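Shown below: target39.txt, with compact mmCIF, C-alpha atoms.
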```txt
# COMPACT_ATOMS: atom_id res chain seq x y z
CA MET A 1 34.75 87.49 120.09
CA ASN A 2 38.33 86.19 120.11
CA VAL A 3 38.77 87.40 123.72
CA LEU A 4 35.59 85.64 124.85
CA LEU A 5 36.64 82.44 123.09
CA SER A 6 40.05 82.63 124.76
CA VAL A 7 38.53 83.06 128.23
CA ALA A 8 36.13 80.16 127.67
CA PHE A 9 38.98 78.01 126.36
CA VAL A 10 41.15 78.63 129.45
CA ILE A 11 38.30 77.82 131.85
CA CYS A 12 37.17 74.70 130.02
CA TRP A 13 40.68 73.37 129.42
CA SER A 14 41.57 73.87 133.10
CA SER A 15 38.44 71.93 134.05
CA GLY A 16 40.08 68.82 132.63
CA PHE A 17 42.70 68.82 135.39
CA ILE A 18 39.98 69.21 138.02
CA GLY A 19 37.89 66.47 136.42
CA ALA A 20 40.88 64.14 136.40
CA LYS A 21 41.31 64.72 140.12
CA LEU A 22 37.60 64.15 140.73
CA GLY A 23 37.71 60.78 139.01
CA ALA A 24 41.13 59.63 140.20
CA GLY A 25 39.81 58.23 143.47
CA SER A 26 37.04 56.12 141.94
CA ALA A 27 38.58 54.28 138.94
CA ASP A 28 41.68 53.69 136.84
CA ALA A 29 42.64 56.27 134.25
CA VAL A 30 41.74 54.04 131.30
CA THR A 31 38.32 53.28 132.83
CA ILE A 32 37.46 56.96 133.18
CA LEU A 33 38.71 57.74 129.70
CA MET A 34 36.91 54.79 128.11
CA TRP A 35 33.55 55.82 129.55
CA ARG A 36 34.25 59.44 128.79
CA PHE A 37 34.75 58.80 125.08
CA LEU A 38 32.72 55.68 124.22
CA PRO A 39 29.22 57.20 124.69
CA LEU A 40 30.45 60.53 123.29
CA ALA A 41 31.77 58.88 120.12
CA LEU A 42 28.46 57.09 119.57
CA VAL A 43 26.48 60.32 119.94
CA LEU A 44 28.79 62.22 117.58
CA ALA A 45 28.66 59.40 115.02
CA ALA A 46 24.85 59.40 115.11
CA PHE A 47 24.82 63.18 114.65
CA ALA A 48 27.19 62.88 111.70
CA VAL A 49 24.90 60.38 110.00
CA VAL A 50 21.68 62.31 110.62
CA ARG A 51 22.67 65.98 110.43
CA ALA A 52 26.22 66.50 109.22
CA ARG A 53 26.66 64.37 106.10
CA ALA A 54 27.57 67.35 103.92
CA ALA A 55 30.61 68.18 106.07
CA TRP A 56 32.11 64.76 105.27
CA ARG A 57 31.86 65.08 101.49
CA GLY A 58 35.09 65.40 99.61
CA LEU A 59 37.27 63.97 102.38
CA THR A 60 39.84 61.48 101.17
CA ALA A 61 41.22 58.45 102.98
CA ARG A 62 44.38 60.48 103.61
CA ASP A 63 42.35 63.25 105.27
CA LEU A 64 40.61 60.75 107.53
CA LEU A 65 43.85 59.02 108.43
CA ARG A 66 45.49 62.35 109.30
CA GLN A 67 42.59 63.21 111.60
CA CYS A 68 42.84 59.80 113.27
CA VAL A 69 46.52 60.42 113.97
CA ILE A 70 45.77 63.92 115.28
CA GLY A 71 43.10 62.49 117.57
CA ALA A 72 45.43 59.76 118.84
CA LEU A 73 48.06 62.38 119.68
CA SER A 74 45.93 65.23 121.00
CA GLN A 75 43.38 63.16 122.92
CA SER A 76 44.55 59.61 123.55
CA GLY A 77 48.25 60.28 124.16
CA TYR A 78 47.81 63.60 125.91
CA LEU A 79 44.95 62.66 128.22
CA LEU A 80 46.26 59.24 129.17
CA THR A 81 49.53 60.73 130.37
CA VAL A 82 47.78 63.50 132.34
CA TYR A 83 45.44 61.07 134.10
CA TYR A 84 48.17 58.53 134.74
CA ALA A 85 50.48 61.18 136.21
CA ILE A 86 47.76 62.36 138.61
CA GLN A 87 47.10 58.77 139.68
CA LEU A 88 50.82 58.32 140.32
CA GLY A 89 50.66 61.22 142.76
CA VAL A 90 51.70 64.17 140.65
CA SER A 91 49.43 67.03 141.70
CA SER A 92 47.10 68.72 139.26
CA GLY A 93 49.05 71.97 139.65
CA THR A 94 52.38 70.34 138.82
CA THR A 95 50.79 68.53 135.89
CA ALA A 96 49.47 71.87 134.65
CA LEU A 97 52.97 73.33 135.07
CA ILE A 98 54.56 70.68 132.86
CA ASP A 99 51.73 71.09 130.36
CA GLY A 100 52.40 74.84 130.51
CA THR A 101 55.83 74.39 128.93
CA GLN A 102 54.08 73.58 125.66
CA PRO A 103 54.29 77.16 124.28
CA LEU A 104 58.08 77.22 124.58
CA VAL A 105 58.35 73.91 122.73
CA ALA A 106 55.89 75.06 120.06
CA GLY A 107 57.70 78.39 119.70
CA ALA A 108 61.08 76.70 119.36
CA LEU A 109 59.77 74.31 116.71
CA ALA A 110 57.73 76.88 114.75
CA GLY A 111 60.75 77.93 112.71
CA PRO A 112 62.05 74.57 111.44
CA LEU A 113 58.64 72.90 111.09
CA LEU A 114 56.39 75.72 109.84
CA ARG A 115 59.02 78.10 108.42
CA GLN A 116 57.77 80.85 110.70
CA TYR A 117 59.51 83.72 112.46
CA VAL A 118 59.15 84.18 116.23
CA SER A 119 59.82 87.74 117.40
CA GLY A 120 61.86 88.81 120.42
CA ARG A 121 58.72 90.20 122.05
CA GLN A 122 57.03 86.85 121.73
CA TRP A 123 60.01 85.11 123.32
CA LEU A 124 59.82 87.65 126.17
CA GLY A 125 56.15 86.82 126.68
CA LEU A 126 56.85 83.11 126.54
CA CYS A 127 59.61 83.39 129.16
CA LEU A 128 57.39 85.51 131.40
CA GLY A 129 54.69 82.88 131.09
CA VAL A 130 57.03 80.11 132.16
CA ALA A 131 58.14 82.23 135.13
CA GLY A 132 54.52 82.75 136.21
CA VAL A 133 53.71 79.06 135.95
CA LEU A 134 56.84 78.16 137.93
CA VAL A 135 55.94 80.60 140.70
CA VAL A 136 52.46 79.10 141.05
CA THR A 137 53.51 75.46 141.13
CA SER A 138 56.99 75.48 142.73
CA ALA A 139 55.68 75.20 146.29
CA ASP A 140 53.38 72.33 145.34
CA ALA A 141 56.15 70.42 143.55
CA ALA A 142 58.54 70.85 146.49
CA ALA A 143 55.95 69.52 148.94
CA ALA A 144 55.31 66.29 147.01
CA ARG A 145 56.17 63.12 148.95
CA GLY A 146 56.34 59.52 147.78
CA VAL A 147 56.11 60.34 144.06
CA PRO A 148 58.77 58.64 141.88
CA LEU A 149 60.89 61.04 139.87
CA TRP A 150 60.04 59.32 136.59
CA ALA A 151 56.37 60.16 137.16
CA TYR A 152 57.09 63.80 136.28
CA ALA A 153 58.21 62.71 132.81
CA VAL A 154 54.75 61.25 132.10
CA PRO A 155 52.88 64.57 131.65
CA PHE A 156 55.89 65.91 129.74
CA LEU A 157 55.36 63.14 127.17
CA GLY A 158 51.72 64.13 126.96
CA MET A 159 52.67 67.74 126.31
CA LEU A 160 54.92 66.64 123.45
CA SER A 161 52.04 64.57 122.06
CA LEU A 162 49.78 67.62 121.98
CA VAL A 163 52.50 69.75 120.37
CA ALA A 164 52.91 67.13 117.65
CA ALA A 165 49.15 67.12 117.01
CA THR A 166 49.10 70.92 116.81
CA PHE A 167 51.81 71.06 114.15
CA LEU A 168 50.31 68.16 112.22
CA GLU A 169 47.00 70.02 112.05
CA SER A 170 48.72 73.27 111.07
CA ARG A 171 50.46 71.61 108.12
CA ALA A 172 47.28 70.01 106.76
CA ARG A 173 46.37 71.08 103.22
CA ARG A 174 42.62 70.61 103.65
CA THR A 175 40.50 72.28 106.30
CA VAL A 176 38.26 69.78 108.07
CA ALA A 177 35.03 70.98 109.69
CA PRO A 178 35.29 71.09 113.52
CA SER A 179 32.32 68.71 113.86
CA VAL A 180 34.03 66.16 111.60
CA ALA A 181 37.37 66.53 113.36
CA MET A 182 35.83 66.07 116.81
CA THR A 183 33.88 63.01 115.66
CA ILE A 184 37.00 61.36 114.26
CA HIS A 185 39.15 62.30 117.24
CA CYS A 186 36.63 61.07 119.80
CA GLY A 187 36.03 57.88 117.82
CA THR A 188 39.76 57.20 117.68
CA SER A 189 40.11 57.81 121.41
CA ALA A 190 37.12 55.61 122.19
CA VAL A 191 38.73 52.72 120.32
CA VAL A 192 42.14 53.27 121.94
CA PHE A 193 40.83 53.54 125.49
CA THR A 194 38.35 50.65 125.10
CA VAL A 195 41.13 48.37 123.89
CA LEU A 196 43.42 49.45 126.73
CA ALA A 197 40.69 49.07 129.37
CA ALA A 198 39.63 45.64 128.10
CA ALA A 199 43.23 44.45 127.92
CA SER A 200 43.89 45.55 131.52
CA GLY A 201 40.58 44.22 132.90
CA ALA A 202 39.36 47.71 133.79
CA ALA A 203 36.47 48.10 131.35
CA VAL A 204 33.65 47.65 133.91
CA PRO A 205 32.74 51.03 135.44
CA PRO A 206 32.29 51.43 139.20
CA ALA A 207 28.83 52.04 140.61
CA GLU A 208 29.80 55.17 142.56
CA THR A 209 27.91 58.35 141.74
CA SER A 210 31.17 60.29 141.92
CA PHE A 211 32.51 58.35 138.95
CA TRP A 212 29.62 59.30 136.68
CA MET A 213 29.70 62.89 137.92
CA ALA A 214 33.37 63.06 136.95
CA VAL A 215 32.59 61.54 133.53
CA GLY A 216 29.80 64.06 132.91
CA TRP A 217 32.07 66.90 134.01
CA LEU A 218 34.79 65.78 131.62
CA VAL A 219 32.47 65.27 128.64
CA LEU A 220 30.69 68.62 128.90
CA LEU A 221 33.45 70.95 130.07
CA ALA A 222 36.74 69.33 129.09
CA THR A 223 35.78 67.64 125.80
CA PHE A 224 33.10 69.83 124.22
CA GLY A 225 34.40 72.97 125.90
CA GLY A 226 38.15 72.63 126.23
CA TYR A 227 39.00 70.36 123.34
CA GLY A 228 36.50 71.88 120.92
CA LEU A 229 37.59 75.42 121.75
CA TYR A 230 41.26 74.45 121.44
CA TRP A 231 40.91 73.76 117.72
CA LEU A 232 38.53 76.69 117.19
CA VAL A 233 40.91 79.19 118.80
CA LEU A 234 43.83 77.55 116.97
CA ARG A 235 42.19 78.15 113.61
CA ARG A 236 41.16 81.72 114.45
CA SER A 237 44.32 82.88 116.23
CA GLY A 238 47.15 80.52 115.28
CA VAL A 239 49.60 78.14 116.90
CA LEU A 240 51.68 80.55 118.96
CA ARG A 241 48.88 82.58 120.47
CA VAL A 242 46.69 79.61 121.41
CA ASN A 243 49.69 77.98 123.07
CA THR A 244 50.43 81.20 124.96
CA LEU A 245 47.03 80.82 126.62
CA MET A 246 48.32 77.54 128.03
CA PHE A 247 50.35 79.61 130.50
CA LEU A 248 47.10 80.47 132.26
CA MET A 249 46.16 76.84 132.89
CA ALA A 250 48.29 76.28 136.00
CA PRO A 251 47.20 79.50 137.78
CA VAL A 252 43.54 78.95 136.91
CA THR A 253 43.77 75.32 138.04
CA ALA A 254 45.25 76.52 141.34
CA VAL A 255 42.33 78.93 141.85
CA TRP A 256 39.83 76.24 140.96
CA GLY A 257 41.49 73.75 143.30
CA ALA A 258 41.32 76.26 146.14
CA VAL A 259 37.58 76.75 145.60
CA MET A 260 36.62 73.08 145.10
CA PHE A 261 39.14 71.23 147.25
CA GLY A 262 40.28 73.81 149.78
CA GLU A 263 43.81 73.89 148.41
CA PRO A 264 45.89 76.87 149.62
CA PHE A 265 45.91 80.01 147.50
CA GLY A 266 48.43 82.49 148.87
CA PRO A 267 50.44 85.50 147.68
CA GLN A 268 52.81 83.28 145.68
CA THR A 269 49.94 81.86 143.63
CA ALA A 270 48.45 85.33 143.10
CA ALA A 271 51.84 86.67 141.95
CA GLY A 272 52.25 83.82 139.48
CA LEU A 273 48.79 84.44 138.08
CA ALA A 274 49.64 88.11 137.55
CA VAL A 275 52.88 87.26 135.73
CA ALA A 276 51.07 84.77 133.48
CA LEU A 277 48.46 87.40 132.59
CA ILE A 278 51.22 89.87 131.70
CA ALA A 279 52.83 87.23 129.48
CA VAL A 280 49.61 86.75 127.54
CA ALA A 281 49.22 90.52 127.15
CA VAL A 282 52.79 90.85 125.83
CA VAL A 283 52.34 88.22 123.12
CA ARG A 284 48.82 89.16 122.12
CA GLY A 285 49.76 92.85 122.08
CA ARG A 286 52.29 92.17 119.33
CA ALA A 287 49.53 90.52 117.32
CA GLY A 288 47.49 93.71 117.58
CA GLU A 289 50.37 95.71 116.12
CA SER A 290 50.59 93.35 113.16
CA ALA A 291 46.87 93.67 112.54
CA ALA A 292 47.40 97.41 112.11
CA ASP A 293 50.33 96.92 109.72
CA PRO A 294 50.32 99.94 107.38
CA ALA A 295 51.95 97.95 104.60
CA GLY A 296 48.82 95.84 104.36
CA GLU A 297 50.67 92.59 104.90
CA SER A 298 48.28 91.14 107.45
CA ALA A 299 45.93 88.55 106.04
CA GLY A 300 43.65 88.32 109.04
CA GLY A 301 41.98 91.71 109.06
CA ALA A 302 38.51 90.27 108.69
CA THR A 303 38.76 88.57 112.04
CA GLY A 304 40.50 91.37 113.91
CA GLY A 305 43.93 89.75 113.74
CA GLY A 306 46.14 87.33 111.88
CA ASN A 307 46.60 83.61 112.04
CA SER A 308 49.96 81.95 112.65
CA GLY A 309 50.25 78.65 110.90
CA ASP A 310 46.56 77.90 110.52
CA VAL A 311 45.40 76.35 107.30
CA SER A 312 42.17 78.23 106.76
CA ALA A 313 43.90 81.60 107.17
CA ARG A 314 46.56 80.76 104.62
CA ARG A 315 43.88 79.79 102.12
CA ALA A 316 41.97 83.03 102.74
CA ASP A 317 44.85 85.42 102.19
CA ASN A 318 43.88 85.98 98.53
CA GLY A 319 47.30 85.25 97.13
CA THR A 320 49.45 87.31 99.48
CA ARG A 321 52.96 85.95 99.13
CA GLY A 322 54.63 86.91 102.40
CA VAL A 323 52.01 87.15 105.12
CA THR A 324 52.49 88.70 108.53
CA VAL A 325 50.13 86.71 110.69
CA GLY A 326 50.03 87.80 114.30
CA SER A 327 53.74 88.29 114.85
CA VAL A 328 54.75 85.36 112.70
CA ARG A 329 55.79 85.72 109.05
CA ASP A 330 54.98 82.77 106.82
CA ALA A 331 57.44 81.80 104.16
CA PRO A 332 56.12 82.20 100.60
CA GLU A 333 54.06 79.31 99.38
CA SER A 334 53.21 78.18 95.89
CA PRO A 335 49.61 78.38 94.65
CA ASP A 336 49.41 74.60 94.66
CA GLU A 337 50.39 74.51 98.33
CA ARG A 338 47.92 77.23 99.21
CA TYR A 339 44.97 75.90 97.26
CA PRO A 340 45.29 72.11 97.09
CA ARG A 341 43.25 70.28 94.52
```

Could you quickly redo this structure as structure tokens?
Amino acid sequence: MNVLLSVAFVICWSSGFIGAKLGAGSADAVTILMWRFLPLALVLAAFAVVRARAAWRGLTARDLLRQCVIGALSQSGYLLTVYYAIQLGVSSGTTALIDGTQPLVAGALAGPLLRQYVSGRQWLGLCLGVAGVLVVTSADAAAARGVPLWAYAVPFLGMLSLVAATFLESRARRTVAPSVAMTIHCGTSAVVFTVLAAASGAAVPPAETSFWMAVGWLVLLATFGGYGLYWLVLRRSGVLRVNTLMFLMAPVTAVWGAVMFGEPFGPQTAAGLAVALIAVAVVRGRAGESAADPAGESAGGATGGGNSGDVSARRADNGTRGVTVGSVRDAPESPDERYPR
């Protein structure tokens, strides 16, 4: 099940880069994002009122505020920078490359922020992943013409925004149902993008069919698929392993671009894809070893593996003090930290 979820996550997340390129020629970034999230937020809010009231019970104002901040970082900040970079002329492959550096940043910050250990094998996999992504996108980045240098910093800021949201979620004391989290995140993004679009005079959507096709693509594949699966895989597999899957985004985007837009796909792209796949196997293979830990330290046996830094896993470890989760060892926590009132 975890493998199938990972494959679906990579495909759906990569579709966001393709959808951004589909919509870039018909409207401004804030226009696309406003009409992507405004109807979606209304539908999710209606569903929450009619069918999902129980999932909202017990949530405090602090819980809701935290989810609003997570949504602003992981959706509003991340997506706005990706779309804006593509409109500035940064290719979807190069944008995916910069986004693909997220695992290194998350791995470097896992120690000081989450008190977690990152093994040498994981660092090897992370470095291999970066090498694969660089191989795939180096030719595209070198061929770019007329793009200001500062434009390449825009998707980098978006990557940092998503990393911040990931760690903020991982440090949360209360687990929020995915349906509640998505409703809050999409509602927050709808407000942010509507305000930005209205302030810039870009709130009126164009009449072109291509615009609404791009919006539908982004809602179904990128939002429900990519964004929803991101948090689901994060909670099942942990911070480091879900971010390792990000290495596959640039190669998969390159393949998708070749099929949909006739972009070149040569030996260099194929080699980069192979290296990225090896990187994922290296990191996930270490997780399999931890799951078979003879000392019984792994807390994630029920799901076929551990969880690194995810809240629900730490609450389900039945009091284990030092937990090997995947290849990451959590520092001991007090009962009050593990089971908040």

With all atoms listed in the file counted and 8 Å as the cut-off, give the residues of stretch 22-75 of chain A in contact with stretch 176-183 of chain A, each with its shortest interatomic distance in Å and the pair that gives it, as CSV.
```
residue,atom,partner,partner_atom,distance
A:Ala41,CA,A:Thr183,CA,6.4
A:Leu44,CA,A:Thr183,CA,5.5
A:Ala45,CA,A:Thr183,CA,6.4
A:Ala48,CA,A:Val180,CA,7.6
A:Ala52,CA,A:Ser179,CA,8.0
A:Ala55,CA,A:Ala177,CA,6.4
A:Trp56,CA,A:Val180,CA,6.8
A:Gln67,CA,A:Ala181,CA,6.4
```

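For the pair atom CA of A:Leu65 and atom CA of A:Leu220, the separation is 26.2 Å.
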
Is it possible to get the axis-aligned box enclosing stretch 215-230 of chain A (all listed atoms, 5 Å extra per side) as AutoDock Vina command-line options, with centre and edge lengths in Å rounded to one decimal?
```
--center_x 35.5 --center_y 68.5 --center_z 127.5 --size_x 21.5 --size_y 23.9 --size_z 23.1
```

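When only C-alpha atoms are used to measure the gap to A:Ala29, the shortest distance among A:Leu79, A:Met260, A:Gly71, A:Ser170 belongs to A:Leu79.
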
Next item on the list: Please measure the separation of atom CA of A:Tyr152 and atom CA of A:Ile32, giving the value in Å to one decimal.
Entry: 21.0 Å

Notebook entry, point to check: Hey, can you check how far atom CA of A:Val118 sits from atom CA of A:Leu240?
Noted result: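 A separation of 8.7 Å between them.
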
Next item on the list: Name all residues at most 10 Å from A:Ala274 (count all atoms listed in the file; drop same-chain ones fewer than 4 positions away) and give them as a list in words.
Entry: Gly129, Gly132, Leu248, Pro251, Gln268, Thr269, Ala270, Ile278 and Ala279 of chain A

List every residue of stretch 175-255 of chain A that has an atom at most 9 Å from any atom of stretch 5-17 of chain A, giving for each one its closest atom pair and the distance in Å to one decimal, counting only C-alpha atoms, sorted by chain and then by ascending residue number, as a tab-separated table.
```
residue	atom	partner	partner_atom	distance
A:Trp217	CA	A:Ser15	CA	8.1
A:Leu218	CA	A:Gly16	CA	6.2
A:Leu220	CA	A:Cys12	CA	9.0
A:Leu221	CA	A:Cys12	CA	5.3
A:Ala222	CA	A:Gly16	CA	4.9
A:Thr223	CA	A:Gly16	CA	8.2
A:Phe224	CA	A:Cys12	CA	8.6
A:Gly225	CA	A:Cys12	CA	5.3
A:Gly226	CA	A:Trp13	CA	4.1
A:Tyr227	CA	A:Trp13	CA	7.0
A:Gly228	CA	A:Phe9	CA	8.6
A:Leu229	CA	A:Phe9	CA	5.5
A:Tyr230	CA	A:Phe9	CA	6.5
A:Leu232	CA	A:Leu5	CA	8.5
A:Val233	CA	A:Leu5	CA	6.9
A:Val242	CA	A:Ser6	CA	8.0
A:Leu245	CA	A:Val10	CA	6.9
A:Met246	CA	A:Val10	CA	7.4
A:Leu248	CA	A:Val10	CA	6.8
A:Met249	CA	A:Ser14	CA	5.5
A:Ala250	CA	A:Ser14	CA	7.7
A:Val252	CA	A:Ser14	CA	6.6
A:Thr253	CA	A:Ser14	CA	5.6
```

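If all atoms listed in the file are the atoms counted, then among A:Val69, A:Ala96, A:Leu22, A:Leu234 the closest residue to A:Asp140 is A:Ala96.
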
Next item on the list: Rank A:Ser119, A:Thr188, A:Thr94, A:Thr175 by their smallest atom-to-atom distance to A:Val147, using only C-alpha atoms, and report the top residue only.
Entry: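 Using only C-alpha atoms, A:Val147 sits closest to A:Thr94.
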
Margin query: Restricting the calculation to all atoms listed in the file: of A:Ser189, A:Ser161, A:Gln122, A:Thr81, which residue gets closest to A:Leu40?
Written below: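 Checking each of A:Ser189, A:Ser161, A:Gln122, A:Thr81 against A:Leu40, counting all atoms listed in the file, the winner is A:Ser189.
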
Checklist line | Closest of A:Ala20, A:Val280, A:Val204, A:Leu109 to A:Arg241 - atom-to-atom distances counting all atoms listed in the file | finding: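 Once distances to A:Arg241 are computed over all atoms listed in the file, the minimum belongs to A:Val280.
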
Checklist line | Of the listed residues A:Gly93, A:Leu33, A:Gly158, A:Leu4, that which approaches A:Val219 most closely, counting all atoms listed in the file | finding: A:Leu33

Checklist line | 12 Å contact set for A:Phe261, all atoms listed in the file, chain neighbours under 3 positions out, as a PyMOL selection string | finding: chain A and resi 18-19+21-22+92+253-258+264-265
